[in-house]
file protein_39.cif (mmCIF, C-alpha atoms and all ligand atoms)
data_entry
loop_
_atom_site.label_atom_id
_atom_site.label_comp_id
_atom_site.auth_asym_id
_atom_site.auth_seq_id
_atom_site.Cartn_x
_atom_site.Cartn_y
_atom_site.Cartn_z
CA MET C 167 121.40 104.14 90.59
CA ALA C 168 120.10 101.39 88.29
CA LYS C 169 116.85 102.27 86.54
CA GLU C 170 113.73 100.36 87.57
CA VAL C 171 112.73 97.59 85.18
CA VAL C 172 109.44 97.92 83.26
CA LEU C 173 107.77 95.24 81.17
CA SER C 174 104.56 94.91 79.21
CA GLY C 175 103.15 92.87 76.34
CA ILE C 176 100.40 92.83 73.72
CA ARG C 177 98.83 89.78 72.07
CA PRO C 178 98.89 89.78 68.24
CA THR C 179 95.27 88.61 68.01
CA GLY C 180 93.94 91.45 65.83
CA PHE C 181 94.27 95.15 65.12
CA LEU C 182 95.38 97.44 67.95
CA HIS C 183 92.74 99.88 69.16
CA LEU C 184 92.38 102.95 71.33
CA GLY C 185 92.00 100.82 74.47
CA ASN C 186 95.43 99.32 73.83
CA TYR C 187 96.82 102.77 73.17
CA PHE C 188 95.42 104.56 76.20
CA GLY C 189 95.54 101.58 78.56
CA ALA C 190 99.07 100.58 77.67
CA MET C 191 101.08 102.03 74.77
CA ARG C 192 100.80 105.67 75.77
CA ASN C 193 102.48 104.74 79.05
CA TYR C 194 105.17 102.71 77.28
CA VAL C 195 106.19 105.78 75.29
CA ARG C 196 106.35 107.98 78.38
CA MET C 197 108.27 105.38 80.37
CA GLN C 198 111.00 104.70 77.81
CA ASP C 199 113.26 107.58 78.92
CA GLU C 200 112.91 107.07 82.65
CA TYR C 201 113.05 103.27 82.98
CA ASN C 202 114.82 100.17 81.70
CA CYS C 203 112.01 98.97 79.44
CA TYR C 204 111.07 95.61 77.90
CA PHE C 205 108.06 95.51 75.58
CA PHE C 206 107.06 92.44 73.65
CA VAL C 207 104.54 90.78 71.35
CA ALA C 208 102.87 87.90 73.22
CA ASN C 209 102.61 85.44 70.31
CA TRP C 210 102.67 82.33 72.56
CA HIS C 211 99.72 83.74 74.48
CA SER C 212 97.80 84.22 71.24
CA LEU C 213 98.01 80.47 70.54
CA THR C 214 95.75 79.80 73.54
CA THR C 215 92.81 81.34 71.65
CA HIS C 216 93.99 81.61 68.02
CA PRO C 217 95.48 78.24 66.99
CA ASP C 218 95.25 79.17 63.29
CA THR C 219 98.58 80.88 62.55
CA LYS C 220 97.99 82.01 58.96
CA GLU C 221 97.75 85.69 60.00
CA LEU C 222 100.17 85.48 62.90
CA GLN C 223 103.32 86.79 61.23
CA THR C 224 101.50 89.77 59.73
CA ALA C 225 99.88 90.49 63.08
CA VAL C 226 103.23 90.32 64.93
CA HIS C 227 104.78 92.72 62.41
CA ARG C 228 101.81 95.06 62.73
CA VAL C 229 102.05 95.19 66.54
CA ILE C 230 105.77 96.01 66.31
CA ALA C 231 105.14 98.66 63.62
CA GLU C 232 102.23 100.25 65.50
CA ASN C 233 104.23 100.45 68.72
CA ILE C 234 107.02 102.28 66.91
CA ALA C 235 104.51 104.49 65.09
CA CYS C 236 103.09 105.49 68.49
CA GLY C 237 106.54 106.69 69.56
CA LEU C 238 108.41 103.69 70.95
CA ASP C 239 112.12 103.83 70.08
CA PRO C 240 113.62 100.33 69.60
CA GLU C 241 117.05 101.77 70.43
CA LYS C 242 115.85 102.92 73.87
CA VAL C 243 113.79 99.85 74.80
CA ALA C 244 114.00 96.12 74.15
CA LEU C 245 111.16 95.51 71.67
CA TYR C 246 110.93 91.78 71.00
CA VAL C 247 108.75 88.79 70.21
CA GLN C 248 107.98 86.36 73.05
CA SER C 249 108.89 83.19 71.12
CA ASP C 250 112.41 84.55 70.48
CA VAL C 251 113.15 84.29 74.21
CA PRO C 252 113.07 80.60 75.21
CA GLU C 253 114.17 81.49 78.76
CA ILE C 254 110.54 82.57 79.36
CA ALA C 255 109.34 79.02 78.66
CA GLU C 256 111.73 77.54 81.23
CA LEU C 257 110.65 79.99 83.92
CA TYR C 258 107.00 79.21 83.01
CA LEU C 259 107.74 75.55 83.71
CA TYR C 260 109.14 76.25 87.19
CA LEU C 261 106.27 78.64 88.03
CA ASN C 262 103.71 76.04 86.93
CA MET C 263 104.80 73.93 89.93
CA LEU C 264 103.80 76.85 92.18
CA ALA C 265 100.39 77.52 90.60
CA TYR C 266 97.29 75.66 91.74
CA LYS C 267 94.51 74.31 89.56
CA GLY C 268 91.82 75.86 91.78
CA GLU C 269 93.13 79.44 91.52
CA LEU C 270 93.73 79.11 87.78
CA GLU C 271 90.18 77.88 87.22
CA LYS C 272 88.84 80.86 89.17
CA THR C 273 90.64 83.46 87.01
CA THR C 274 88.12 85.76 85.28
CA THR C 275 89.85 85.68 81.89
CA PHE C 276 89.97 81.86 81.98
CA LYS C 277 86.27 81.62 82.77
CA ASP C 278 85.40 84.15 80.01
CA LYS C 279 87.52 82.44 77.39
CA ALA C 280 86.38 78.95 78.36
CA ARG C 281 82.81 80.16 77.79
CA LEU C 282 83.74 81.57 74.37
CA GLN C 283 85.59 78.44 73.18
CA PRO C 284 84.03 75.43 74.93
CA ASP C 285 85.65 73.04 72.45
CA ASN C 286 89.17 74.27 73.07
CA ILE C 287 89.70 74.65 76.82
CA ASN C 288 93.39 73.82 76.52
CA ALA C 289 95.97 73.68 79.30
CA GLY C 290 97.66 76.80 77.88
CA LEU C 291 94.46 78.74 78.46
CA LEU C 292 94.32 77.52 82.06
CA THR C 293 97.95 78.43 82.73
CA TYR C 294 97.81 81.72 80.79
CA PRO C 295 98.46 83.78 83.98
CA VAL C 296 101.53 81.63 84.76
CA LEU C 297 103.04 82.41 81.36
CA GLN C 298 102.23 86.07 81.90
CA ALA C 299 103.99 85.95 85.27
CA ALA C 300 107.02 84.35 83.60
CA ASP C 301 107.05 87.19 81.00
CA ILE C 302 107.27 89.73 83.79
CA LEU C 303 109.50 87.93 86.27
CA ILE C 304 112.07 86.86 83.65
CA HIS C 305 113.30 90.49 83.63
CA ARG C 306 112.58 91.01 87.34
CA ALA C 307 110.28 93.87 86.28
CA VAL C 308 108.64 95.93 89.02
CA LYS C 309 106.31 98.15 87.00
CA VAL C 310 103.88 96.79 84.42
CA PRO C 311 101.93 99.38 82.39
CA VAL C 312 98.58 97.74 81.57
CA GLY C 313 94.87 98.50 81.36
CA LYS C 314 92.41 97.64 84.10
CA ASP C 315 91.55 94.24 82.60
CA GLN C 316 95.03 92.94 83.57
CA GLU C 317 94.78 93.70 87.29
CA GLN C 318 93.99 90.13 88.33
CA HIS C 319 96.87 88.71 86.26
CA LEU C 320 99.24 91.09 88.03
CA GLU C 321 97.98 89.98 91.42
CA MET C 322 98.61 86.37 90.41
CA ALA C 323 102.13 87.24 89.23
CA ARG C 324 102.84 88.70 92.68
CA ASN C 325 101.53 85.53 94.33
CA PHE C 326 103.74 83.29 92.18
CA ALA C 327 106.80 85.49 92.89
CA GLN C 328 106.06 85.38 96.62
CA ARG C 329 105.71 81.59 96.60
CA PHE C 330 108.94 81.21 94.65
CA ASN C 331 110.84 83.46 97.06
CA HIS C 332 109.34 81.72 100.08
CA ARG C 333 110.36 78.30 98.83
CA TYR C 334 113.71 78.99 97.17
CA GLY C 335 114.99 82.37 98.48
CA ASP C 336 114.59 85.99 97.42
CA VAL C 337 115.10 86.17 93.66
CA LEU C 338 111.95 87.62 92.11
CA PRO C 339 110.60 91.12 92.96
CA GLU C 340 106.82 91.58 93.13
CA PRO C 341 105.51 93.52 90.10
CA GLN C 342 102.81 96.22 90.25
CA ALA C 343 100.38 97.34 87.52
CA PHE C 344 101.16 100.91 86.50
CA ASN C 345 99.49 103.92 84.93
CA TYR C 346 100.76 107.51 85.08
CA GLY C 347 97.32 108.75 86.11
CA GLY C 348 97.26 106.30 89.06
CA GLU C 349 93.94 104.61 88.17
CA LEU C 350 94.17 101.89 85.52
CA VAL C 351 92.28 102.72 82.31
CA LYS C 352 89.34 100.92 80.70
CA ILE C 353 88.08 102.21 77.35
CA LEU C 354 84.57 100.96 76.53
CA SER C 355 83.32 100.02 73.08
CA LEU C 356 81.28 102.80 71.41
CA ASP C 357 77.96 101.04 71.99
CA GLY C 358 78.74 100.79 75.70
CA ASN C 359 78.75 96.97 75.59
CA GLY C 360 81.95 95.95 77.33
CA LYS C 361 85.52 97.10 76.68
CA MET C 362 87.05 97.82 73.29
CA SER C 363 88.59 94.61 72.09
CA LYS C 364 90.82 93.49 69.20
CA SER C 365 88.51 90.86 67.79
CA GLU C 366 84.97 91.49 69.10
CA ASN C 367 82.42 94.17 68.21
CA GLN C 368 84.64 95.69 65.50
CA LEU C 369 82.20 98.39 64.34
CA ASN C 370 82.24 99.87 67.83
CA THR C 371 86.01 99.76 68.26
CA LEU C 372 88.39 102.46 67.03
CA TYR C 373 91.48 100.85 65.52
CA LEU C 374 94.80 102.58 64.95
CA ALA C 375 94.61 101.24 61.37
CA ASP C 376 91.12 102.63 60.62
CA THR C 377 90.75 105.06 57.70
CA ASP C 378 89.58 108.61 58.37
CA ASP C 379 86.12 107.92 57.00
CA LEU C 380 85.68 104.78 59.03
CA LEU C 381 86.71 106.60 62.22
CA ARG C 382 84.15 109.34 61.50
CA LYS C 383 81.44 106.81 60.74
CA LYS C 384 82.04 104.81 63.90
CA ILE C 385 82.12 107.85 66.15
CA MET C 386 78.99 109.41 64.64
CA LYS C 387 77.17 106.12 65.37
CA ALA C 388 78.34 105.95 69.00
CA LYS C 389 75.57 105.42 71.53
CA THR C 390 74.10 108.55 73.16
CA ASP C 391 70.67 109.39 74.62
CA GLN C 392 68.19 112.26 75.18
CA GLY C 393 70.54 114.03 77.58
CA PRO C 394 70.52 114.24 81.39
CA GLU C 395 67.27 114.70 83.32
CA THR C 396 68.71 117.02 85.97
CA PRO C 397 71.72 119.38 86.04
CA ASN C 398 75.04 117.86 87.18
CA SER C 399 73.75 114.31 86.71
CA PRO C 400 76.17 111.40 86.87
CA LYS C 401 77.01 110.27 83.31
CA PRO C 402 75.93 106.87 81.98
CA ASP C 403 79.08 104.90 81.19
CA TYR C 404 78.69 105.12 77.38
CA ILE C 405 78.52 108.94 77.66
CA GLN C 406 81.42 109.01 80.12
CA ASN C 407 83.41 106.99 77.58
CA LEU C 408 82.92 109.71 74.91
CA PHE C 409 84.11 112.32 77.41
CA THR C 410 87.10 110.13 78.29
CA LEU C 411 88.03 109.84 74.61
CA MET C 412 87.58 113.57 74.17
CA ARG C 413 89.86 114.31 77.14
CA LEU C 414 92.44 112.07 75.47
CA VAL C 415 92.47 113.52 71.94
CA SER C 416 90.76 116.95 72.00
CA THR C 417 92.00 120.23 73.47
CA PRO C 418 91.16 120.76 77.16
CA ASP C 419 88.95 123.74 76.15
CA ALA C 420 86.83 121.69 73.76
CA ALA C 421 86.38 118.91 76.29
CA GLN C 422 85.48 121.44 79.02
CA LYS C 423 82.88 123.16 76.86
CA PHE C 424 80.93 119.92 76.36
CA GLU C 425 81.39 119.03 80.03
CA ASP C 426 79.86 122.39 81.02
CA ASP C 427 77.01 121.91 78.52
CA PHE C 428 76.30 118.47 79.96
CA ASN C 429 76.26 119.75 83.53
CA ALA C 430 73.89 122.61 82.64
CA SER C 431 71.43 120.32 80.82
CA SER C 432 68.16 118.91 82.12
CA THR C 433 64.87 117.59 80.71
CA GLY C 434 63.29 120.32 78.54
CA ASN C 435 66.54 122.29 78.59
CA CYS C 436 69.05 120.11 76.76
CA ILE C 437 72.11 122.27 76.11
CA ILE C 438 74.54 119.48 75.32
CA ARG C 439 74.44 118.58 71.60
CA TYR C 440 75.82 115.10 71.28
CA GLY C 441 75.89 115.41 67.46
CA ASP C 442 78.28 118.38 67.71
CA MET C 443 80.30 116.66 70.38
CA LYS C 444 80.74 113.56 68.21
CA LYS C 445 81.69 115.69 65.19
CA GLN C 446 84.38 117.43 67.23
CA LEU C 447 85.58 114.11 68.65
CA ALA C 448 85.65 112.54 65.16
CA GLU C 449 87.81 115.33 63.72
CA ASP C 450 90.19 115.28 66.68
CA MET C 451 90.41 111.49 66.48
CA VAL C 452 91.26 111.64 62.78
CA THR C 453 93.99 114.21 63.51
CA PHE C 454 95.32 111.95 66.25
CA ILE C 455 95.23 108.61 64.42
CA THR C 456 96.19 109.53 60.81
CA PRO C 457 99.93 110.04 61.42
CA ILE C 458 100.12 106.85 63.51
CA ARG C 459 98.39 104.81 60.78
CA GLU C 460 100.59 106.22 58.02
CA LYS C 461 103.82 105.67 59.92
CA ALA C 462 102.81 102.13 60.90
CA LEU C 463 102.02 101.23 57.28
CA ALA C 464 105.42 102.49 56.13
CA ILE C 465 107.24 100.44 58.78
CA GLN C 466 105.17 97.33 58.02
CA ALA C 467 106.19 97.54 54.36
CA ASP C 468 109.89 97.51 55.31
CA LYS C 469 110.51 93.83 56.12
CA ILE C 470 114.28 94.26 56.40
CA LEU C 471 113.89 96.98 59.01
CA LEU C 472 111.33 94.90 60.94
CA SER C 473 113.53 91.84 60.95
CA HIS C 474 116.49 93.91 62.17
CA ILE C 475 114.44 95.46 64.98
CA ILE C 476 113.07 92.08 66.09
CA LYS C 477 116.52 90.47 66.13
CA HIS C 478 118.08 93.34 68.04
CA GLY C 479 115.18 93.27 70.55
CA ALA C 480 115.59 89.53 71.12
CA GLU C 481 119.30 89.95 71.85
CA LYS C 482 118.64 92.59 74.52
CA ALA C 483 115.79 90.57 76.04
CA ARG C 484 117.76 87.32 76.15
CA GLU C 485 120.66 88.96 77.94
CA SER C 486 118.44 90.05 80.81
CA ALA C 487 116.38 86.83 80.73
CA SER C 488 119.36 84.52 80.93
CA ALA C 489 120.75 86.39 83.95
CA THR C 490 117.45 85.88 85.79
CA LEU C 491 117.26 82.25 84.74
CA THR C 492 120.74 81.59 86.14
CA ALA C 493 119.66 83.08 89.48
CA VAL C 494 116.44 81.02 89.38
CA ARG C 495 118.26 77.78 88.59
CA ASN C 496 120.79 78.43 91.33
CA ALA C 497 118.02 79.12 93.84
CA ILE C 498 116.11 75.96 92.93
CA GLY C 499 119.30 73.91 92.77
CA VAL C 500 119.10 72.77 89.15
CA ASN C 501 122.60 73.92 88.24
CA TYR C 502 124.70 70.80 87.80
P1 LIG K 1 96.03 92.56 75.38
O1 LIG K 1 96.81 92.16 74.19
O2 LIG K 1 94.61 92.13 75.46
O3 LIG K 1 96.05 94.12 75.54
C1 LIG K 1 97.26 94.87 75.49
C2 LIG K 1 97.18 96.01 76.49
O4 LIG K 1 96.06 96.85 76.21
C3 LIG K 1 95.25 97.00 77.39
N1 LIG K 1 93.83 97.08 76.98
C4 LIG K 1 92.99 98.03 77.38
N2 LIG K 1 93.14 99.09 78.18
C5 LIG K 1 92.08 99.90 78.37
N3 LIG K 1 90.87 99.71 77.77
C6 LIG K 1 90.67 98.66 76.95
N4 LIG K 1 89.49 98.50 76.34
C7 LIG K 1 91.75 97.75 76.73
N5 LIG K 1 91.90 96.63 75.99
C8 LIG K 1 93.19 96.22 76.16
C9 LIG K 1 95.52 95.74 78.20
O5 LIG K 1 95.24 95.96 79.56
C10 LIG K 1 97.00 95.51 77.94
O6 LIG K 1 97.78 96.32 78.79
N6 LIG K 1 97.56 89.29 78.86
C11 LIG K 1 97.91 90.52 78.13
C12 LIG K 1 99.22 90.39 77.35
C13 LIG K 1 100.39 90.01 78.18
C14 LIG K 1 101.04 90.83 79.14
C15 LIG K 1 102.11 90.04 79.64
C16 LIG K 1 100.81 92.12 79.62
C17 LIG K 1 101.04 88.82 78.12
N7 LIG K 1 102.09 88.85 79.03
C18 LIG K 1 102.97 90.54 80.65
C19 LIG K 1 101.67 92.62 80.60
C20 LIG K 1 102.73 91.83 81.11
C21 LIG K 1 96.81 90.82 77.15
O7 LIG K 1 96.08 89.95 76.75
O8 LIG K 1 96.80 92.11 76.69
#
call {"tool": "encode", "arguments": {"input": "protein_39.cif", "output": "structure tokens"}}
result
Amino acid sequence: MAKEVVLSGIRPTGFLHLGNYFGAMRNYVRMQDEYNCYFFVANWHSLTTHPDTKELQTAVHRVIAENIACGLDPEKVALYVQSDVPEIAELYLYLNMLAYKGELEKTTTFKDKARLQPDNINAGLLTYPVLQAADILIHRAVKVPVGKDQEQHLEMARNFAQRFNHRYGDVLPEPQAFNYGGELVKILSLDGNGKMSKSENQLNTLYLADTDDLLRKKIMKAKTDQGPETPNSPKPDYIQNLFTLMRLVSTPDAAQKFEDDFNASSTGNCIIRYGDMKKQLAEDMVTFITPIREKALAIQADKILLSHIIKHGAEKARESASATLTAVRNAIGVNY
């Protein structure tokens, strides 16, 4: 039986962080043996918010290198750069005829970004979800490993696929967001103000490229409080985030110990020691990130290897993309 097709992408708009890792890349690595995988660097998407391209090539290389350093094998998956696959742009054009101004204007990411860059509300920003749908549908992918922030874009991709199939015949399967745990992941920034992000709030974001000392410093500064007022209290989200990170990088025993301490704590009897918890988390984070950072730096320094990987990835991606585009053109009737 043919393996199911998986696709996901990352914008090269800054340094990759733990949210990218746990929301997306960790799943990529697990999926590469079981599925037919396509993973790419969304450099066209980055132009919607980052028109200055001075850092773009370095950032694209870094995303490729960090993906490999996290365990992705470019021989097992197609690892490519979006702009190397022009078939995506043609599918984007067809899908644009099926996307409505009203729904695009209502998209949360559009509204957020329009607020952040009022002087550059370009058409690419408005049609961002259409390009994302084209990325996915060009390989007829059915599973899309992403973090929680991408849920709405996935729903829109399903709508565009449905409209295409309704109008022109069944060509495009409807993709679903995917995470091995079931629930999609959202890692918060260490001060509890919103999600970790590549370019905002950098002192409260843990990057895969951070040095050991910087990781320790950021974690020791993470927001905590006086402790819970009553035993078995619900956790405020900034505390829950520290527990989530601990569950991801520490041993189950260490995480459980602090969980038990939290649950036994109350006003006047604070058993949980957030300072100790952060120290443990910092050391486990350093152990987790150091080998990734070192491997990524070595790959980034090898331009010949990078260029070979990117070329090989584009060849694999274009083979699948051109097959879909032929089916799409035939369905629409633009095959003269
Ligand atoms: P991007 O580049 O912002 O993020 C890449 C991946 O990381 C996930 N992620 C997070 N997960 C949990 N907690 C966080 N704090 C966090 N921050 C980021 C994102 O959900 C994503 O999976 N629009 C996409 C890129 C894209 C794409 C695609 C993705 C373009 N085309 C097609 C999937 C399929 C984006 O901006 O991701």
call {"tool": "residues_around", "arguments": {"input": "protein_39.cif", "residues": "region 436-448 of chain C", "least_positions_apart": "4", "cutoff": "10 Å", "atoms": "only C-alpha atoms", "output": "PyMOL selection string"}}
result
chain C and resi 378-397+405+408-409+411-416+420-421+423-432+452-454
call {"tool": "residues_near_ligand", "arguments": {"input": "protein_39.cif", "ligand": "ligand LIG 1 (chain K)", "cutoff": "8 Å", "atoms": "only C-alpha atoms and all ligand atoms", "output": "short mmCIF file (atom, residue, chain, number, x, y, z; two decimals) with C-alpha atoms, keeping the file's coordinate frame"}}
result
data_model
loop_
_atom_site.label_atom_id
_atom_site.label_comp_id
_atom_site.auth_asym_id
_atom_site.auth_seq_id
_atom_site.Cartn_x
_atom_site.Cartn_y
_atom_site.Cartn_z
CA LEU C 173 107.77 95.24 81.17
CA SER C 174 104.56 94.91 79.21
CA GLY C 175 103.15 92.87 76.34
CA ILE C 176 100.40 92.83 73.72
CA ARG C 177 98.83 89.78 72.07
CA PRO C 178 98.89 89.78 68.24
CA THR C 179 95.27 88.61 68.01
CA HIS C 183 92.74 99.88 69.16
CA LEU C 184 92.38 102.95 71.33
CA GLY C 185 92.00 100.82 74.47
CA ASN C 186 95.43 99.32 73.83
CA TYR C 187 96.82 102.77 73.17
CA PHE C 188 95.42 104.56 76.20
CA GLY C 189 95.54 101.58 78.56
CA ALA C 190 99.07 100.58 77.67
CA MET C 191 101.08 102.03 74.77
CA VAL C 207 104.54 90.78 71.35
CA ALA C 208 102.87 87.90 73.22
CA HIS C 211 99.72 83.74 74.48
CA TYR C 294 97.81 81.72 80.79
CA PRO C 295 98.46 83.78 83.98
CA LEU C 297 103.04 82.41 81.36
CA GLN C 298 102.23 86.07 81.90
CA ALA C 299 103.99 85.95 85.27
CA ALA C 300 107.02 84.35 83.60
CA ASP C 301 107.05 87.19 81.00
CA ILE C 302 107.27 89.73 83.79
CA VAL C 310 103.88 96.79 84.42
CA PRO C 311 101.93 99.38 82.39
CA VAL C 312 98.58 97.74 81.57
CA GLY C 313 94.87 98.50 81.36
CA LYS C 314 92.41 97.64 84.10
CA ASP C 315 91.55 94.24 82.60
CA GLN C 316 95.03 92.94 83.57
CA HIS C 319 96.87 88.71 86.26
CA LEU C 320 99.24 91.09 88.03
CA LEU C 350 94.17 101.89 85.52
CA VAL C 351 92.28 102.72 82.31
CA LYS C 352 89.34 100.92 80.70
CA ILE C 353 88.08 102.21 77.35
CA LEU C 354 84.57 100.96 76.53
CA SER C 355 83.32 100.02 73.08
CA LYS C 361 85.52 97.10 76.68
CA MET C 362 87.05 97.82 73.29
CA SER C 363 88.59 94.61 72.09
CA LYS C 364 90.82 93.49 69.20
#
call {"tool": "closest_residue", "arguments": {"input": "protein_39.cif", "among": "C:Ala231, C:Trp210, C:His216, C:Thr433", "to": "Lys469 (chain C)", "atoms": "all atoms listed in the file"}}
result
C:Ala231
call {"tool": "atom_distance", "arguments": {"input": "protein_39.cif", "atom1": "CA of Ala265 (chain C)", "atom2": "CA of Arg324 (chain C)"}}
result
11.6 Å
call {"tool": "axis_aligned_box", "arguments": {"input": "protein_39.cif", "around": "region 336-353 of chain C", "padding_each_side": "6 Å", "output": "AutoDock Vina command-line options"}}
result
--center_x 101.6 --center_y 97.4 --center_z 87.4 --size_x 39.0 --size_y 34.8 --size_z 32.1
call {"tool": "closest_residue", "arguments": {"input": "protein_39.cif", "among": "C:Glu241, C:Tyr260, C:Ile475, C:Thr214", "to": "Arg329 (chain C)", "atoms": "only C-alpha atoms"}}
result
C:Tyr260
call {"tool": "residues_around", "arguments": {"input": "protein_39.cif", "residues": "Ala244 (chain C)", "least_positions_apart": "6", "cutoff": "6 Å", "atoms": "all atoms listed in the file", "output": "PyMOL selection string"}}
result
chain C and resi 204+479+482
call {"tool": "build_atoms", "arguments": {"input": "protein_39.cif", "residues": "region 440-452 of chain C", "atoms": "N, CA and C atoms", "output": "PDB file, in the coordinates of the input"}}
result
ATOM      1  N   TYR C 440      74.924 116.244  71.472  1.00  0.00           N
ATOM      2  CA  TYR C 440      75.820 115.100  71.280  1.00  0.00           C
ATOM      3  C   TYR C 440      76.313 115.004  69.836  1.00  0.00           C
ATOM      4  N   GLY C 441      75.461 115.439  68.870  1.00  0.00           N
ATOM      5  CA  GLY C 441      75.890 115.410  67.460  1.00  0.00           C
ATOM      6  C   GLY C 441      77.129 116.277  67.255  1.00  0.00           C
ATOM      7  N   ASP C 442      77.116 117.482  67.836  1.00  0.00           N
ATOM      8  CA  ASP C 442      78.280 118.380  67.710  1.00  0.00           C
ATOM      9  C   ASP C 442      79.489 117.802  68.445  1.00  0.00           C
ATOM     10  N   MET C 443      79.202 117.223  69.599  1.00  0.00           N
ATOM     11  CA  MET C 443      80.300 116.660  70.380  1.00  0.00           C
ATOM     12  C   MET C 443      80.986 115.542  69.590  1.00  0.00           C
ATOM     13  N   LYS C 444      80.161 114.681  68.961  1.00  0.00           N
ATOM     14  CA  LYS C 444      80.740 113.560  68.210  1.00  0.00           C
ATOM     15  C   LYS C 444      81.500 114.055  66.981  1.00  0.00           C
ATOM     16  N   LYS C 445      80.971 115.134  66.356  1.00  0.00           N
ATOM     17  CA  LYS C 445      81.690 115.690  65.190  1.00  0.00           C
ATOM     18  C   LYS C 445      83.069 116.186  65.607  1.00  0.00           C
ATOM     19  N   GLN C 446      83.108 116.910  66.728  1.00  0.00           N
ATOM     20  CA  GLN C 446      84.380 117.430  67.230  1.00  0.00           C
ATOM     21  C   GLN C 446      85.326 116.258  67.560  1.00  0.00           C
ATOM     22  N   LEU C 447      84.766 115.261  68.255  1.00  0.00           N
ATOM     23  CA  LEU C 447      85.580 114.110  68.650  1.00  0.00           C
ATOM     24  C   LEU C 447      86.103 113.389  67.395  1.00  0.00           C
ATOM     25  N   ALA C 448      85.240 113.245  66.381  1.00  0.00           N
ATOM     26  CA  ALA C 448      85.650 112.540  65.160  1.00  0.00           C
ATOM     27  C   ALA C 448      86.820 113.261  64.496  1.00  0.00           C
ATOM     28  N   GLU C 449      86.724 114.591  64.385  1.00  0.00           N
ATOM     29  CA  GLU C 449      87.810 115.330  63.720  1.00  0.00           C
ATOM     30  C   GLU C 449      89.104 115.240  64.527  1.00  0.00           C
ATOM     31  N   ASP C 450      88.981 115.355  65.851  1.00  0.00           N
ATOM     32  CA  ASP C 450      90.190 115.280  66.680  1.00  0.00           C
ATOM     33  C   ASP C 450      90.794 113.878  66.648  1.00  0.00           C
ATOM     34  N   MET C 451      89.914 112.874  66.551  1.00  0.00           N
ATOM     35  CA  MET C 451      90.410 111.490  66.480  1.00  0.00           C
ATOM     36  C   MET C 451      91.159 111.254  65.175  1.00  0.00           C
ATOM     37  N   VAL C 452      90.604 111.779  64.082  1.00  0.00           N
ATOM     38  CA  VAL C 452      91.260 111.640  62.780  1.00  0.00           C
ATOM     39  C   VAL C 452      92.646 112.302  62.836  1.00  0.00           C
TER      40      VAL C 452
END
